[in-house]
$ cat final02.pdb   # PDB, C-alpha atoms
MODEL        1
ATOM      1  CA  MET A  17      21.512 -10.019  -7.475
ATOM      2  CA  SER A  18      21.782  -6.397  -6.400
ATOM      3  CA  LYS A  19      19.924  -4.931  -3.462
ATOM      4  CA  ASP A  20      18.081  -2.575  -5.818
ATOM      5  CA  LYS A  21      16.767  -5.481  -7.870
ATOM      6  CA  ARG A  22      15.712  -7.362  -4.737
ATOM      7  CA  SER A  23      13.847  -4.319  -3.422
ATOM      8  CA  ARG A  24      12.146  -3.906  -6.811
ATOM      9  CA  ASP A  25      11.091  -7.555  -6.737
ATOM     10  CA  MET A  26       9.797  -7.129  -3.197
ATOM     11  CA  VAL A  27       7.786  -4.039  -4.191
ATOM     12  CA  HIS A  28       6.425  -5.881  -7.220
ATOM     13  CA  ALA A  29       5.306  -8.799  -5.028
ATOM     14  CA  ILE A  30       3.702  -6.445  -2.508
ATOM     15  CA  ASP A  31       1.905  -4.541  -5.286
ATOM     16  CA  LYS A  32       0.638  -7.834  -6.692
ATOM     17  CA  ASP A  33      -0.693  -8.868  -3.278
ATOM     18  CA  VAL A  34      -2.294  -5.458  -2.758
ATOM     19  CA  ARG A  35      -3.988  -5.568  -6.178
ATOM     20  CA  SER A  36      -5.370  -9.062  -5.596
ATOM     21  CA  GLY A  37      -6.507  -8.074  -2.103
ATOM     22  CA  LYS A  38      -8.255  -4.987  -3.438
ATOM     23  CA  ARG A  39     -10.010  -7.062  -6.109
ATOM     24  CA  GLU A  40     -11.230  -9.412  -3.386
ATOM     25  CA  MET A  41     -12.369  -6.425  -1.324
ATOM     26  CA  ASN A  42     -14.272  -5.047  -4.343
ATOM     27  CA  ARG A  43     -16.015  -8.399  -4.816
ATOM     28  CA  SER A  44     -16.933  -8.448  -1.150
ATOM     29  CA  GLN A  45     -18.147  -4.838  -1.344
ATOM     30  CA  MET A  46     -20.392  -5.641  -4.319
ATOM     31  CA  GLU A  47     -21.845  -8.641  -2.482
ATOM     32  CA  LEU A  48     -22.561  -6.457   0.552
ATOM     33  CA  GLN A  49     -24.243  -3.876  -1.688
ATOM     34  CA  ARG A  50     -26.461  -6.615  -3.143
ATOM     35  CA  GLN A  51     -27.370  -7.730   0.374
ATOM     36  CA  GLU A  52     -28.133  -4.136   1.338
ATOM     37  CA  LYS A  53     -30.491  -3.669  -1.637
ATOM     38  CA  SER A  54     -32.160  -6.986  -0.899
ATOM     39  CA  LEU A  55     -32.650  -6.102   2.771
ATOM     40  CA  ILE A  56     -34.065  -2.682   1.887
ATOM     41  CA  SER A  57     -36.587  -4.237  -0.505
ATOM     42  CA  GLU A  58     -37.572  -6.854   2.105
ATOM     43  CA  ILE A  59     -37.957  -4.155   4.768
ATOM     44  CA  LYS A  60     -40.244  -2.217   2.415
ATOM     45  CA  LYS A  61     -42.242  -5.366   1.679
ATOM     46  CA  TYR A  62     -42.753  -6.197   5.369
ATOM     47  CA  ALA A  63     -43.442  -2.562   6.217
ATOM     48  CA  HIS A  64     -46.158  -2.532   3.569
ATOM     49  CA  GLN A  65     -47.615  -5.675   5.187
ATOM     50  CA  GLY A  66     -47.366  -4.047   8.633
ATOM     51  CA  ASP A  67     -45.008  -6.620  10.208
ATOM     52  CA  LYS A  68     -42.978  -4.430  12.599
ATOM     53  CA  ALA A  69     -41.085  -7.295  14.276
ATOM     54  CA  MET A  70     -39.715  -8.570  10.977
ATOM     55  CA  CYS A  71     -38.855  -5.012   9.911
ATOM     56  CA  ALA A  72     -36.892  -4.526  13.138
ATOM     57  CA  ARG A  73     -34.897  -7.742  12.600
ATOM     58  CA  LEU A  74     -34.157  -6.853   8.999
ATOM     59  CA  ALA A  75     -33.178  -3.318  10.025
ATOM     60  CA  GLN A  76     -30.639  -4.775  12.465
ATOM     61  CA  GLN A  77     -29.224  -6.916   9.663
ATOM     62  CA  LEU A  78     -29.090  -3.837   7.427
ATOM     63  CA  ILE A  79     -27.142  -1.936  10.075
ATOM     64  CA  SER A  80     -24.717  -4.853  10.340
ATOM     65  CA  VAL A  81     -24.253  -4.983   6.552
ATOM     66  CA  ARG A  82     -23.583  -1.236   6.412
ATOM     67  CA  LYS A  83     -21.067  -1.579   9.239
ATOM     68  CA  HIS A  84     -19.258  -4.306   7.269
ATOM     69  CA  MET A  85     -19.293  -2.086   4.174
ATOM     70  CA  ALA A  86     -17.615   0.719   6.123
ATOM     71  CA  GLN A  87     -14.994  -1.695   7.479
ATOM     72  CA  ASN A  88     -14.411  -2.993   3.954
ATOM     73  CA  THR A  89     -13.799   0.518   2.656
ATOM     74  CA  GLN A  90     -11.426   1.278   5.505
ATOM     75  CA  MET A  91      -9.487  -1.942   4.886
ATOM     76  CA  SER A  92      -9.172  -1.125   1.182
ATOM     77  CA  VAL A  93      -7.666   2.264   2.034
ATOM     78  CA  GLN A  94      -5.211   0.646   4.439
ATOM     79  CA  MET A  95      -4.156  -1.858   1.775
ATOM     80  CA  SER A  96      -3.451   1.013  -0.628
ATOM     81  CA  GLN A  97      -1.338   2.680   2.036
ATOM     82  CA  VAL A  98       0.723  -0.489   2.478
ATOM     83  CA  GLY A  99       1.536  -0.486  -1.234
ATOM     84  CA  CYS A 100       2.529   3.184  -1.129
ATOM     85  CA  GLN A 101       4.736   2.627   1.905
ATOM     86  CA  ALA A 102       6.499  -0.277   0.193
ATOM     87  CA  ARG A 103       7.221   1.858  -2.879
ATOM     88  CA  MET A 104       8.497   4.725  -0.715
ATOM     89  CA  CYS A 105      10.729   2.356   1.249
ATOM     90  CA  ALA A 106      12.210   0.967  -1.975
ATOM     91  CA  ALA A 107      12.848   4.494  -3.272
ATOM     92  CA  GLN A 108      14.614   5.407  -0.039
ATOM     93  CA  GLN A 109      16.712   2.253  -0.307
ATOM     94  CA  ARG A 110      17.762   3.268  -3.823
ATOM     95  CA  LEU A 111      18.745   6.716  -2.531
ATOM     96  CA  VAL A 112      20.817   5.122   0.238
ATOM     97  CA  ASN A 113      22.581   2.920  -2.320
ATOM     98  CA  ILE A 114      23.262   5.912  -4.561
ATOM     99  CA  SER A 115      24.682   7.961  -1.703
ATOM    100  CA  ALA A 116      26.881   5.035  -0.623
ATOM    101  CA  ASN A 117      28.250   4.674  -4.145
ATOM    102  CA  THR A 118      28.793   8.430  -4.364
ATOM    103  CA  SER A 119      30.710   8.515  -1.091
ATOM    104  CA  LYS A 120      32.934   5.640  -2.272
ATOM    105  CA  THR A 121      33.621   7.516  -5.507
ATOM    106  CA  LEU A 122      34.400  10.738  -3.665
ATOM    107  CA  ALA A 123      36.768   8.899  -1.326
ATOM    108  CA  ALA A 124      38.624   7.459  -4.324
ATOM    109  CA  VAL A 125      38.815  10.903  -5.956
ATOM    110  CA  ASN A 126      40.096  12.450  -2.723
ATOM    111  CA  LYS A 127      42.754   9.759  -2.447
ATOM    112  CA  VAL A 128      43.929  10.403  -6.010
ATOM    113  CA  SER A 129      43.904  14.179  -5.542
ATOM    114  CA  THR A 130      45.872  13.841  -2.286
ATOM    115  CA  LEU A 131      48.483  11.727  -4.078
ATOM    116  CA  MET A 132      48.677  14.298  -6.862
ATOM    117  CA  GLN A 133      49.076  17.153  -4.383
ATOM    118  CA  ASN A 134      51.847  15.280  -2.596
ATOM    119  CA  ALA A 135      53.598  14.635  -5.906
ATOM    120  CA  LEU A 136      53.335  18.309  -6.867
ATOM    121  CA  PHE A 137      54.606  19.354  -3.462
ATOM    122  CA  LEU A 138      57.630  17.063  -3.818
ATOM    123  CA  MET A 139      58.330  18.416  -7.302
ATOM    124  CA  TYR A 140      58.548  21.992  -6.044
ATOM    125  CA  LEU A 141      60.854  21.160  -3.143
TER
ENDMDL
END
$ encode --input "final02.pdb" --output "structure tokens"
Amino acid sequence: MSKDKRSRDMVHAIDKDVRSGKREMNRSQMELQRQEKSLISEIKKYAHQGDKAMCARLAQQLISVRKHMAQNTQMSVQMSQVGCQARMCAAQQRLVNISANTSKTLAAVNKVSTLMQNALFLMYL
């Protein structure tokens, strides 16, 4: 199996993991949004009843939920960056392989041309 194929398989596996991770993050984000809406409605209900202590506790929970939502978003962005970095690394690996093959080809061509030049030189002596 060539290095290029192995790097492609590695990138494919990383992309698969990133996609599944992002789906999980989206599920988590939707759950947090549901909790946020629920907390807001409960805060409004207790505020209408005049229960300040309960409103304060629920407001703290709401702040915590919003903090988790922000962390979730940040993690999703970082996961996307990991996938991009893996693809870039694989592309660079392909370029390295291409340049290595090109240098081998050029060395072979130089060897042949040197032999031809030597033969021509000997013919004209």
$ resolve_selection --input "final02.pdb" --expression "the PyMOL selection byres ((chain A and resi 64-80) around 12)" --output "ChimeraX atom specification"
/A:48-63,81-87
$ closest_residue --input "final02.pdb" --among "A:Ala107, A:Ile114, A:Ala135, A:Val128" --to "Ser23 (chain A)" --atoms "all atoms listed in the file"
A:Ala107
$ residues_around --input "final02.pdb" --residues "region 101-105 of chain A" --least-positions-apart "6" --cutoff "12 Å" --atoms "all atoms listed in the file" --output "ChimeraX atom specification"
/A:20,23-34,94-95,111-112
$ atom_distance --input "final02.pdb" --atom1 "CA of Arg35 (chain A)" --atom2 "CA of Ser96 (chain A)"
8.6 Å
$ closest_residue --input "final02.pdb" --among "A:Leu138, A:Arg22, A:Arg43, A:Arg110" --to "Ser92 (chain A)" --atoms "all atoms listed in the file"
A:Arg43
$ atom_distance --input "final02.pdb" --atom1 "CA of Asn88 (chain A)" --atom2 "CA of Gln45 (chain A)"
6.7 Å
$ closest_residue --input "final02.pdb" --among "A:Thr89, A:Gly99, A:Ala106, A:Asn113" --to "Ser36 (chain A)" --atoms "all atoms listed in the file"
A:Gly99
$ atom_distance --input "final02.pdb" --atom1 "CA of Gln133 (chain A)" --atom2 "CA of Thr118 (chain A)"
22.1 Å
